[in-house]
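Coordinates as given in target-v6.cif (mmCIF, C-alpha atoms and all ligand atoms):
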data_input
loop_
_atom_site.label_atom_id
_atom_site.label_comp_id
_atom_site.auth_asym_id
_atom_site.auth_seq_id
_atom_site.Cartn_x
_atom_site.Cartn_y
_atom_site.Cartn_z
CA MET A 1 0.73 11.74 -28.40
CA SER A 2 -2.98 12.44 -28.56
CA GLU A 3 -4.62 15.44 -26.95
CA PHE A 4 -3.74 15.97 -23.26
CA ARG A 5 -6.97 15.28 -21.39
CA VAL A 6 -6.82 14.62 -17.69
CA CYS A 7 -9.28 13.25 -15.18
CA ALA A 8 -8.81 12.50 -11.50
CA VAL A 9 -9.18 8.92 -10.29
CA VAL A 10 -10.09 8.75 -6.60
CA PRO A 11 -10.34 5.29 -5.02
CA THR A 12 -12.47 5.35 -1.92
CA TYR A 13 -13.35 2.83 0.73
CA ASP A 14 -15.35 4.33 3.56
CA ASN A 15 -14.23 7.96 3.52
CA PRO A 16 -17.61 9.62 4.18
CA ARG A 17 -16.14 12.63 5.98
CA THR A 18 -13.35 13.54 3.60
CA ILE A 19 -14.43 12.55 0.09
CA ARG A 20 -16.39 15.76 -0.48
CA ALA A 21 -13.46 18.03 0.29
CA VAL A 22 -11.23 15.99 -2.01
CA VAL A 23 -13.68 16.09 -4.91
CA GLU A 24 -14.51 19.78 -4.47
CA ARG A 25 -10.82 20.66 -4.57
CA LEU A 26 -10.14 18.53 -7.64
CA ALA A 27 -13.17 19.50 -9.74
CA PRO A 28 -11.75 22.87 -10.87
CA VAL A 29 -8.39 21.45 -11.98
CA VAL A 30 -9.41 18.41 -14.04
CA GLU A 31 -12.00 17.75 -16.72
CA GLN A 32 -13.72 15.06 -14.65
CA VAL A 33 -13.40 13.57 -11.18
CA LEU A 34 -13.95 9.83 -11.34
CA VAL A 35 -14.56 8.30 -7.93
CA VAL A 36 -14.23 4.55 -7.66
CA ASP A 37 -16.23 3.43 -4.67
CA ASP A 38 -14.63 0.19 -3.56
CA GLY A 39 -17.66 -1.34 -1.84
CA SER A 40 -18.05 1.31 0.86
CA ALA A 41 -20.69 0.95 3.56
CA GLU A 42 -23.77 3.15 3.32
CA PRO A 43 -22.36 6.44 4.71
CA GLY A 44 -19.40 6.39 2.31
CA ARG A 45 -21.60 5.39 -0.59
CA ALA A 46 -24.17 8.09 0.16
CA ALA A 47 -21.45 10.74 0.38
CA VAL A 48 -20.23 9.79 -3.09
CA ASP A 49 -23.74 9.64 -4.57
CA ALA A 50 -24.46 13.16 -3.29
CA LEU A 51 -21.41 14.46 -5.18
CA VAL A 52 -22.60 12.78 -8.35
CA GLN A 53 -26.06 14.33 -7.98
CA GLU A 54 -24.46 17.73 -7.65
CA GLY A 55 -22.58 17.13 -10.89
CA LEU A 56 -19.18 17.27 -9.19
CA ALA A 57 -18.10 13.71 -9.94
CA ARG A 58 -18.74 10.55 -11.84
CA VAL A 59 -18.80 7.35 -9.82
CA ILE A 60 -18.22 3.69 -10.43
CA HIS A 61 -19.47 1.51 -7.61
CA ARG A 62 -17.61 -1.75 -7.22
CA ALA A 63 -20.03 -4.34 -5.89
CA ARG A 64 -17.51 -5.70 -3.40
CA ASN A 65 -14.42 -4.34 -1.73
CA GLY A 66 -11.46 -5.42 -3.85
CA GLY A 67 -8.54 -3.34 -2.60
CA LYS A 68 -7.04 0.01 -3.53
CA GLY A 69 -5.18 -1.36 -6.54
CA ALA A 70 -8.26 -3.03 -7.94
CA ALA A 71 -10.18 0.22 -7.55
CA VAL A 72 -7.52 2.31 -9.30
CA LYS A 73 -7.30 -0.18 -12.16
CA THR A 74 -11.08 0.01 -12.60
CA GLY A 75 -10.75 3.79 -12.71
CA LEU A 76 -7.89 3.78 -15.22
CA GLN A 77 -9.79 1.52 -17.58
CA ALA A 78 -12.90 3.68 -17.38
CA ALA A 79 -10.83 6.83 -17.89
CA MET A 80 -9.23 5.33 -20.98
CA GLN A 81 -12.63 4.39 -22.39
CA ALA A 82 -13.84 7.92 -21.77
CA GLY A 83 -10.99 9.26 -23.91
CA PHE A 84 -8.70 10.69 -21.24
CA SER A 85 -4.96 10.60 -21.88
CA HIS A 86 -3.86 11.12 -18.26
CA ALA A 87 -5.14 10.33 -14.78
CA LEU A 88 -4.36 12.15 -11.56
CA GLN A 89 -4.60 9.56 -8.77
CA VAL A 90 -5.54 10.95 -5.37
CA ASP A 91 -6.45 9.24 -2.08
CA ALA A 92 -9.85 10.05 -0.63
CA ASP A 93 -8.66 10.59 2.95
CA LEU A 94 -7.48 14.19 2.45
CA GLN A 95 -3.87 13.29 3.19
CA HIS A 96 -2.50 14.88 0.07
CA ASP A 97 -1.89 18.56 -0.38
CA LEU A 98 -4.30 19.27 -3.20
CA ASP A 99 -2.82 22.72 -3.71
CA ASP A 100 -0.02 20.79 -5.44
CA ALA A 101 -2.35 19.15 -7.98
CA PRO A 102 -1.74 21.87 -10.62
CA LYS A 103 2.01 21.42 -10.14
CA LEU A 104 1.78 17.67 -10.84
CA LEU A 105 -0.48 18.27 -13.83
CA GLU A 106 1.85 20.90 -15.24
CA ALA A 107 4.75 18.45 -15.07
CA ALA A 108 2.65 15.82 -16.86
CA ARG A 109 1.62 18.25 -19.55
CA ALA A 110 5.26 19.22 -20.15
CA ALA A 111 6.37 15.56 -20.28
CA PRO A 112 3.30 13.57 -21.34
CA ASP A 113 5.07 10.19 -21.40
CA ALA A 114 6.44 10.57 -17.88
CA LEU A 115 5.16 9.12 -14.63
CA VAL A 116 4.75 12.05 -12.25
CA LEU A 117 5.03 10.99 -8.61
CA GLY A 118 4.30 12.94 -5.46
CA ASP A 119 7.37 12.75 -3.22
CA PRO A 120 5.97 13.00 0.30
CA ARG A 121 7.19 15.39 2.96
CA TYR A 122 5.69 14.15 6.22
CA ASP A 123 5.02 16.19 9.29
CA GLU A 124 4.78 14.94 12.87
CA SER A 125 1.28 13.54 12.21
CA ALA A 126 2.72 10.57 10.29
CA PRO A 127 2.73 7.29 12.26
CA SER A 128 6.25 6.00 12.78
CA ALA A 129 5.29 2.48 11.61
CA ARG A 130 4.34 3.93 8.24
CA ARG A 131 7.60 5.86 7.94
CA VAL A 132 9.62 2.73 8.65
CA GLY A 133 7.55 0.69 6.17
CA ARG A 134 8.21 3.24 3.49
CA LEU A 135 11.94 3.20 4.16
CA ILE A 136 11.99 -0.57 3.70
CA THR A 137 9.99 -0.29 0.49
CA SER A 138 12.35 2.42 -0.76
CA PHE A 139 15.28 0.03 -0.30
CA TRP A 140 13.59 -2.67 -2.41
CA ILE A 141 12.49 -0.17 -5.04
CA ARG A 142 16.11 0.92 -5.51
CA MET A 143 17.12 -2.72 -5.97
CA GLU A 144 14.33 -3.37 -8.43
CA THR A 145 14.94 -0.30 -10.56
CA SER A 146 18.74 -0.25 -10.16
CA ARG A 147 18.69 3.49 -9.86
CA GLY A 148 17.17 6.05 -7.60
CA VAL A 149 14.73 7.39 -10.14
CA ILE A 150 11.69 6.83 -7.92
CA GLY A 151 11.55 9.23 -5.00
CA ASP A 152 8.72 7.40 -3.17
CA ALA A 153 6.80 4.53 -4.68
CA MET A 154 4.07 4.40 -2.04
CA CYS A 155 2.61 7.86 -2.40
CA GLY A 156 -0.84 7.68 -3.97
CA PHE A 157 -0.72 11.22 -5.38
CA ARG A 158 0.55 10.94 -8.96
CA VAL A 159 -0.20 11.36 -12.65
CA TYR A 160 -0.13 8.50 -15.15
CA PRO A 161 -0.14 8.52 -18.90
CA ILE A 162 -3.07 6.05 -18.91
CA ASP A 163 -2.04 3.97 -21.88
CA ALA A 164 1.43 3.26 -20.45
CA ALA A 165 -0.02 2.61 -17.00
CA LEU A 166 -2.42 -0.03 -18.29
CA LYS A 167 0.26 -1.60 -20.47
CA ALA A 168 2.46 -1.98 -17.38
CA ALA A 169 -0.28 -4.36 -16.16
CA PRO A 170 0.42 -4.42 -12.42
CA ARG A 171 -1.03 -7.47 -10.71
CA GLY A 172 -1.39 -6.07 -7.21
CA ASP A 173 -4.94 -5.34 -6.13
CA ALA A 174 -4.17 -4.00 -2.68
CA MET A 175 -1.59 -1.60 -1.26
CA ASP A 176 1.06 -3.33 -3.36
CA PHE A 177 -0.40 -1.62 -6.43
CA ASP A 178 1.24 1.81 -6.08
CA PRO A 179 4.86 0.58 -5.87
CA GLU A 180 4.36 -2.18 -8.43
CA ILE A 181 2.96 0.00 -11.19
CA ALA A 182 5.75 2.55 -10.66
CA VAL A 183 8.47 -0.11 -10.99
CA ARG A 184 6.87 -1.71 -14.02
CA MET A 185 6.51 1.64 -15.76
CA VAL A 186 10.19 2.36 -15.12
CA TRP A 187 11.07 -1.05 -16.56
CA ALA A 188 9.02 -0.16 -19.64
CA GLY A 189 11.10 2.98 -20.07
CA ALA A 190 8.98 5.73 -18.52
CA GLU A 191 10.78 8.81 -17.26
CA VAL A 192 9.91 9.60 -13.62
CA ILE A 193 9.37 13.11 -12.34
CA ASN A 194 9.28 13.44 -8.54
CA ILE A 195 7.44 16.43 -7.09
CA PRO A 196 7.84 17.17 -3.37
CA THR A 197 4.48 17.46 -1.66
CA ARG A 198 3.28 17.65 1.93
CA VAL A 199 1.40 14.69 3.42
CA ARG A 200 -0.55 15.01 6.64
CA TYR A 201 -2.47 12.42 8.63
CA LEU A 202 -5.85 13.62 9.84
CA ASN A 203 -6.89 12.41 13.27
CA GLU A 204 -10.21 10.75 13.96
CA ALA A 205 -11.87 13.98 14.98
CA GLN A 206 -10.92 15.47 11.61
CA GLY A 207 -12.45 12.49 9.78
CA GLY A 208 -9.14 10.77 9.16
CA VAL A 209 -9.42 7.05 8.52
CA SER A 210 -6.88 4.47 7.37
CA HIS A 211 -7.67 0.95 6.26
CA PHE A 212 -4.00 0.07 5.96
CA ARG A 213 -3.64 -3.27 7.76
CA LEU A 214 -0.16 -3.54 9.19
CA VAL A 215 0.24 -7.29 8.79
CA ARG A 216 -1.97 -8.08 5.79
CA ASP A 217 -0.81 -5.16 3.65
CA ASN A 218 2.84 -5.61 4.51
CA VAL A 219 2.59 -9.29 3.55
CA TRP A 220 1.14 -8.29 0.17
CA ILE A 221 3.85 -5.68 -0.30
CA SER A 222 6.62 -8.17 0.59
CA TRP A 223 5.21 -10.72 -1.85
CA MET A 224 5.10 -8.04 -4.55
CA HIS A 225 8.80 -7.20 -3.96
CA THR A 226 9.64 -10.91 -4.13
CA ARG A 227 7.92 -11.21 -7.51
CA LEU A 228 9.59 -8.07 -8.87
CA MET A 229 13.04 -9.09 -7.65
CA PHE A 230 12.61 -12.55 -9.17
CA ARG A 231 11.60 -10.94 -12.45
CA LYS A 232 14.54 -8.59 -12.31
CA VAL A 233 17.05 -11.37 -11.60
CA MET A 234 15.61 -13.46 -14.48
CA GLY A 235 16.12 -10.48 -16.76
CA LEU A 236 19.71 -10.02 -15.64
CA LEU A 237 20.56 -13.72 -15.98
CA PHE A 238 18.75 -14.62 -19.16
CA GLY A 239 17.95 -11.30 -20.85
CA ALA A 240 20.86 -11.65 -23.27
CA LEU A 241 19.51 -15.01 -24.44
CA ILE A 242 15.78 -14.32 -24.33
CA PRO A 243 15.03 -10.70 -25.33
CA ARG A 244 11.51 -10.92 -23.90
CA LEU A 245 13.08 -11.11 -20.44
CA ARG A 246 15.11 -7.93 -20.87
CA LEU A 247 13.47 -5.28 -18.74
CA ASP A 248 15.08 -2.40 -20.60
CA ALA A 249 13.59 -3.78 -23.84
CA GLY A 250 10.15 -3.44 -22.34
CA GLY A 251 9.93 -7.14 -21.57
CA ARG A 252 7.74 -8.04 -18.64
CA SER A 253 6.37 -11.07 -16.89
N1 LIG B 301 -6.92 0.43 2.60
C1 LIG B 301 -7.78 0.40 1.59
N2 LIG B 301 -7.95 1.53 0.91
C2 LIG B 301 -8.76 1.47 -0.14
C3 LIG B 301 -9.41 0.26 -0.50
N3 LIG B 301 -10.11 0.50 -1.58
C4 LIG B 301 -9.92 1.80 -1.87
N4 LIG B 301 -9.12 2.39 -0.99
C5 LIG B 301 -8.70 3.82 -0.97
O1 LIG B 301 -7.29 3.91 -1.16
C6 LIG B 301 -6.81 5.12 -0.55
C7 LIG B 301 -5.64 4.83 0.36
O2 LIG B 301 -6.09 4.09 1.46
P1 LIG B 301 -5.47 4.26 2.92
O3 LIG B 301 -6.16 3.27 3.78
O4 LIG B 301 -5.48 5.69 3.32
O5 LIG B 301 -3.99 3.77 2.67
P2 LIG B 301 -2.63 4.53 2.82
O6 LIG B 301 -2.79 5.99 2.47
O7 LIG B 301 -1.60 3.79 2.07
O8 LIG B 301 -2.38 4.31 4.34
P3 LIG B 301 -2.15 5.41 5.46
O9 LIG B 301 -0.72 5.82 5.27
O10 LIG B 301 -2.43 4.71 6.74
O11 LIG B 301 -3.15 6.50 5.21
C8 LIG B 301 -8.00 5.74 0.17
O12 LIG B 301 -8.61 6.69 -0.65
C9 LIG B 301 -8.91 4.54 0.35
O13 LIG B 301 -10.26 4.89 0.54
C10 LIG B 301 -9.22 -0.90 0.29
O14 LIG B 301 -9.76 -1.99 0.04
N5 LIG B 301 -8.40 -0.79 1.31
MG MG B 302 -4.13 7.24 3.47
#
Take the structure in the file and write it out as structure tokens.
Ligand SMILES: Nc1nc2c(ncn2[C@@H]2O[C@H](COP(=O)(O)OP(=O)(O)OP(=O)(O)O)[C@@H](O)[C@H]2O)c(=O)[nH]1
Ligand SMILES: [Mg+2]
Amino acid sequence: MSEFRVCAVVPTYDNPRTIRAVVERLAPVVEQVLVVDDGSAEPGRAAVDALVQEGLARVIHRARNGGKGAAVKTGLQAAMQAGFSHALQVDADLQHDLDDAPKLLEAARAAPDALVLGDPRYDESAPSARRVGRLITSFWIRMETSRGVIGDAMCGFRVYPIDAALKAAPRGDAMDFDPEIAVRMVWAGAEVINIPTRVRYLNEAQGGVSHFRLVRDNVWISWMHTRLMFRKVMGLLFGALIPRLRLDAGGRS
């Protein structure tokens, strides 16, 4: 594997009150913080531009809002072009415990081909709807991967080997992205390392904001599980006849 060079990829859509704290905490632990502004309104955009002017981050502005997955994929491609081997993905809403960033990076450095996933430990600030949604997703993820290698597929605090992440080619552009790329990387043979990490939900007064849309995002996530399960069943039924369909041979749809 080439030299271990890591940047942070931070997708942001209207996080004017929290993006600075996230970037300031990440800047000392990675070579570059790459913020992908997913069509934020003026306050969010201005907050990001100020960080760039201070030399704390690089930014890519997407002209239109395209979804979290689309933003992360833009960031991964740019990181690859800039010569980074690994990307630390972090949400911009200050939900993740950034004190754990060095722990995730250390795991990635020790196992550079692995997918390193934050395994969330929620406190009482977590909305119950979100907890239930994650339990349902966990059930499907176990079905799709056959084994319990993925601790939590929804957590957006993780480290990718960039080349393998892009080769996994997840289609999801929205909140379906995080689970889909994890499953596809497992199918392609990536080891998964799960690192327990605290997740807290900031309230409005603290600048907390969520754009997760209960119906729309859960529909996208359900459709993503349907596609993955279909792909998995095809592999089980026809993989012996058509090697391209065998998931453990790196086949993918
Ligand atoms: N929801 C959403 N988030 C986006 C989008 N584009 C980029 N993001 C960023 O993706 C990250 C996660 O978004 P959140 O809305 O917090 O989604 P989440 O963490 O899954 O949902 P919560 O559990 O409610 O916080 C944040 O940094 C967002 O700013 C988008 O179109 N929609
Ligand atoms: Mg969030």
What lies within 10 Å of Ile150 in chain A using only C-alpha atoms, ignoring chain neighbours under 2 positions off, as a PyMOL selection string?
-> chain A and resi 115-119+138+141-142+145+147-148+152-154+179+182-183+186+191-194
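Of the listed residues (A:His96, A:Arg158, A:Arg109, A:Arg184), A:His96 comes nearest to ligand MG 302 (chain B); the distances count only C-alpha atoms and all ligand atoms.
For the atom pair formed by CA of Ile221 in chain A and CA of Gly69 in chain A, the distance is 11.8 Å, given to one decimal.
You can rank A:Gly239, A:Gly67, A:Gly39, A:Gly83 by their closest distance to ligand LIG 301 (chain B) using only C-alpha atoms and all ligand atoms, and at the top of that list sits A:Gly67.
Listed by chain and then residue number, the contacts of ligand MG 302 (chain B) are A:Asp91, A:Asp93, A:Gln95, A:Ser210 (distance at most 7 Å, using all atoms listed in the file).
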Could you please take those selected residues and save C-alpha atoms as a PDB file, in the coordinates of the input?
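This is the output file out25.pdb:
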ATOM      1  CA  ASP A  91      -6.450   9.240  -2.080  1.00  0.00           C
ATOM      2  CA  ASP A  93      -8.660  10.590   2.950  1.00  0.00           C
ATOM      3  CA  GLN A  95      -3.870  13.290   3.190  1.00  0.00           C
ATOM      4  CA  SER A 210      -6.880   4.470   7.370  1.00  0.00           C
TER       5      SER A 210
END
Cut-off 6 Å: closest chain A/ligand LIG 301 (chain B) atom pairs per residue, using all atoms listed in the file, as JSON lines:
{"residue": "A:Pro11", "atom": "CA", "partner": "B:LIG301", "partner_atom": "C5", "distance": 4.6}
{"residue": "A:Thr12", "atom": "CA", "partner": "B:LIG301", "partner_atom": "O13", "distance": 3.3}
{"residue": "A:Tyr13", "atom": "CA", "partner": "B:LIG301", "partner_atom": "O13", "distance": 3.7}
{"residue": "A:Asp14", "atom": "CA", "partner": "B:LIG301", "partner_atom": "O13", "distance": 5.9}
{"residue": "A:Asn15", "atom": "CA", "partner": "B:LIG301", "partner_atom": "O13", "distance": 5.8}
{"residue": "A:Asp38", "atom": "CA", "partner": "B:LIG301", "partner_atom": "N3", "distance": 4.9}
{"residue": "A:Asn65", "atom": "CA", "partner": "B:LIG301", "partner_atom": "O14", "distance": 5.5}
{"residue": "A:Gly66", "atom": "CA", "partner": "B:LIG301", "partner_atom": "O14", "distance": 5.5}
{"residue": "A:Gly67", "atom": "CA", "partner": "B:LIG301", "partner_atom": "O14", "distance": 3.2}
{"residue": "A:Lys68", "atom": "CA", "partner": "B:LIG301", "partner_atom": "N3", "distance": 3.7}
{"residue": "A:Ala71", "atom": "CA", "partner": "B:LIG301", "partner_atom": "C4", "distance": 5.9}
{"residue": "A:Asp91", "atom": "CA", "partner": "B:LIG301", "partner_atom": "O12", "distance": 3.6}
{"residue": "A:Ala92", "atom": "CA", "partner": "B:LIG301", "partner_atom": "O12", "distance": 3.6}
{"residue": "A:Asp93", "atom": "CA", "partner": "B:LIG301", "partner_atom": "O12", "distance": 5.3}
{"residue": "A:Ser210", "atom": "CA", "partner": "B:LIG301", "partner_atom": "O3", "distance": 3.9}
{"residue": "A:His211", "atom": "CA", "partner": "B:LIG301", "partner_atom": "O3", "distance": 3.7}
{"residue": "A:Phe212", "atom": "CA", "partner": "B:LIG301", "partner_atom": "O3", "distance": 4.4}
Of A:Ala8, A:Ala169, A:Met143, A:Ile19, the one nearest to Ala101 in chain A when counting all atoms listed in the file is A:Ala8
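For the atom pair formed by CA of Arg25 in chain A and CA of Arg131 in chain A, the distance is 26.7 Å, given to one decimal.
For the atom pair formed by CA of Gly172 in chain A and CA of His225 in chain A, the distance is 10.8 Å, given to one decimal.
The residue that comes closest to Ala129 in chain A, out of A:Pro16, A:Leu228, A:Leu34, A:Val215 and on the basis of all atoms listed in the file, is A:Val215.
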Shell of 9 Å around Val35 in chain A, all atoms listed in the file, local chain residues under 5 positions omitted, as a PDB file with C-alpha atoms, in the frame of the given file:
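In the end it all went to around_6.pdb:
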ATOM      1  CA  ALA A   8      -8.810  12.500 -11.500  1.00  0.00           C
ATOM      2  CA  VAL A   9      -9.180   8.920 -10.290  1.00  0.00           C
ATOM      3  CA  VAL A  10     -10.090   8.750  -6.600  1.00  0.00           C
ATOM      4  CA  PRO A  11     -10.340   5.290  -5.020  1.00  0.00           C
ATOM      5  CA  THR A  12     -12.470   5.350  -1.920  1.00  0.00           C
ATOM      6  CA  VAL A  23     -13.680  16.090  -4.910  1.00  0.00           C
ATOM      7  CA  VAL A  48     -20.230   9.790  -3.090  1.00  0.00           C
ATOM      8  CA  ALA A  57     -18.100  13.710  -9.940  1.00  0.00           C
ATOM      9  CA  ARG A  58     -18.740  10.550 -11.840  1.00  0.00           C
ATOM     10  CA  VAL A  59     -18.800   7.350  -9.820  1.00  0.00           C
ATOM     11  CA  ILE A  60     -18.220   3.690 -10.430  1.00  0.00           C
ATOM     12  CA  HIS A  61     -19.470   1.510  -7.610  1.00  0.00           C
ATOM     13  CA  GLY A  75     -10.750   3.790 -12.710  1.00  0.00           C
ATOM     14  CA  ALA A  92      -9.850  10.050  -0.630  1.00  0.00           C
TER      15      ALA A  92
END
Write out as a ChimeraX atom specification each polymer residue whose atoms come within 12 Å of Pro28 in chain A, counting all atoms listed in the file; drop sequence neighbours fewer than 4 positions from it.
-> /A:6-8,22-24,32-33,56-57,98-99,101-102
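Checking A:Met80, A:Val159, A:Met224, A:Met229 one by one against Arg171 in chain A, counting only C-alpha atoms, you find the shortest gap at A:Met224.
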Judged by all atoms listed in the file, the minimum distance to Arg20 in chain A among A:Val72, A:Ala165, A:Leu51, A:Val36 is found for A:Leu51
Output file: range 150-159 of chain A, all heavy atoms, as a compact mmCIF listing (two decimals), in the first residue's frame:
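Listed below is the output, decode.txt:
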# COMPACT_ATOMS: atom_id res chain seq x y z
N ILE A 150 -20.31 -5.74 11.06
CA ILE A 150 -20.54 -4.29 11.12
C ILE A 150 -21.27 -3.96 12.42
O ILE A 150 -22.39 -4.41 12.64
CB ILE A 150 -21.36 -3.82 9.90
CG1 ILE A 150 -20.54 -3.99 8.62
CG2 ILE A 150 -21.82 -2.37 10.08
CD1 ILE A 150 -21.29 -3.62 7.35
N GLY A 151 -20.63 -3.19 13.27
CA GLY A 151 -21.26 -2.82 14.53
C GLY A 151 -22.45 -1.91 14.31
O GLY A 151 -23.55 -2.13 14.81
N ASP A 152 -22.26 -0.83 13.53
CA ASP A 152 -23.33 0.12 13.22
C ASP A 152 -23.01 0.74 11.87
O ASP A 152 -21.97 1.36 11.71
CB ASP A 152 -23.40 1.22 14.29
CG ASP A 152 -24.55 2.19 14.03
OD1 ASP A 152 -24.51 2.88 12.99
OD2 ASP A 152 -25.48 2.26 14.84
N ALA A 153 -23.94 0.53 10.93
CA ALA A 153 -23.65 0.97 9.56
C ALA A 153 -24.05 2.41 9.31
O ALA A 153 -23.74 2.97 8.27
CB ALA A 153 -24.37 0.05 8.57
N MET A 154 -24.77 3.00 10.27
CA MET A 154 -25.30 4.36 10.04
C MET A 154 -24.38 5.45 10.54
O MET A 154 -24.55 6.62 10.18
CB MET A 154 -26.65 4.52 10.76
CG MET A 154 -27.74 3.57 10.32
SD MET A 154 -28.42 4.00 8.73
CE MET A 154 -29.35 5.47 9.13
N CYS A 155 -23.45 5.10 11.39
CA CYS A 155 -22.64 6.14 12.01
C CYS A 155 -21.71 6.78 10.97
O CYS A 155 -20.96 6.09 10.29
CB CYS A 155 -21.81 5.54 13.15
SG CYS A 155 -20.81 6.76 14.02
N GLY A 156 -21.76 8.10 10.90
CA GLY A 156 -20.98 8.81 9.88
C GLY A 156 -19.59 9.21 10.33
O GLY A 156 -19.00 10.13 9.77
N PHE A 157 -19.08 8.53 11.34
CA PHE A 157 -17.72 8.80 11.86
C PHE A 157 -16.90 7.55 11.57
O PHE A 157 -17.10 6.51 12.20
CB PHE A 157 -17.85 9.04 13.36
CG PHE A 157 -16.62 9.57 14.06
CD1 PHE A 157 -15.68 10.35 13.41
CD2 PHE A 157 -16.42 9.30 15.41
CE1 PHE A 157 -14.56 10.85 14.07
CE2 PHE A 157 -15.32 9.80 16.09
CZ PHE A 157 -14.39 10.56 15.41
N ARG A 158 -16.00 7.63 10.58
CA ARG A 158 -15.36 6.41 10.08
C ARG A 158 -14.14 6.74 9.23
O ARG A 158 -13.99 7.87 8.79
CB ARG A 158 -16.38 5.63 9.24
CG ARG A 158 -17.18 6.58 8.35
CD ARG A 158 -18.17 5.95 7.41
NE ARG A 158 -19.24 5.20 8.01
CZ ARG A 158 -20.08 4.44 7.34
NH1 ARG A 158 -19.96 4.34 6.02
NH2 ARG A 158 -21.04 3.77 7.93
N VAL A 159 -13.32 5.76 8.98
CA VAL A 159 -12.15 5.96 8.11
C VAL A 159 -12.20 4.96 6.96
O VAL A 159 -12.38 3.75 7.18
CB VAL A 159 -10.82 5.75 8.87
CG1 VAL A 159 -9.63 6.12 7.96
CG2 VAL A 159 -10.77 6.57 10.15
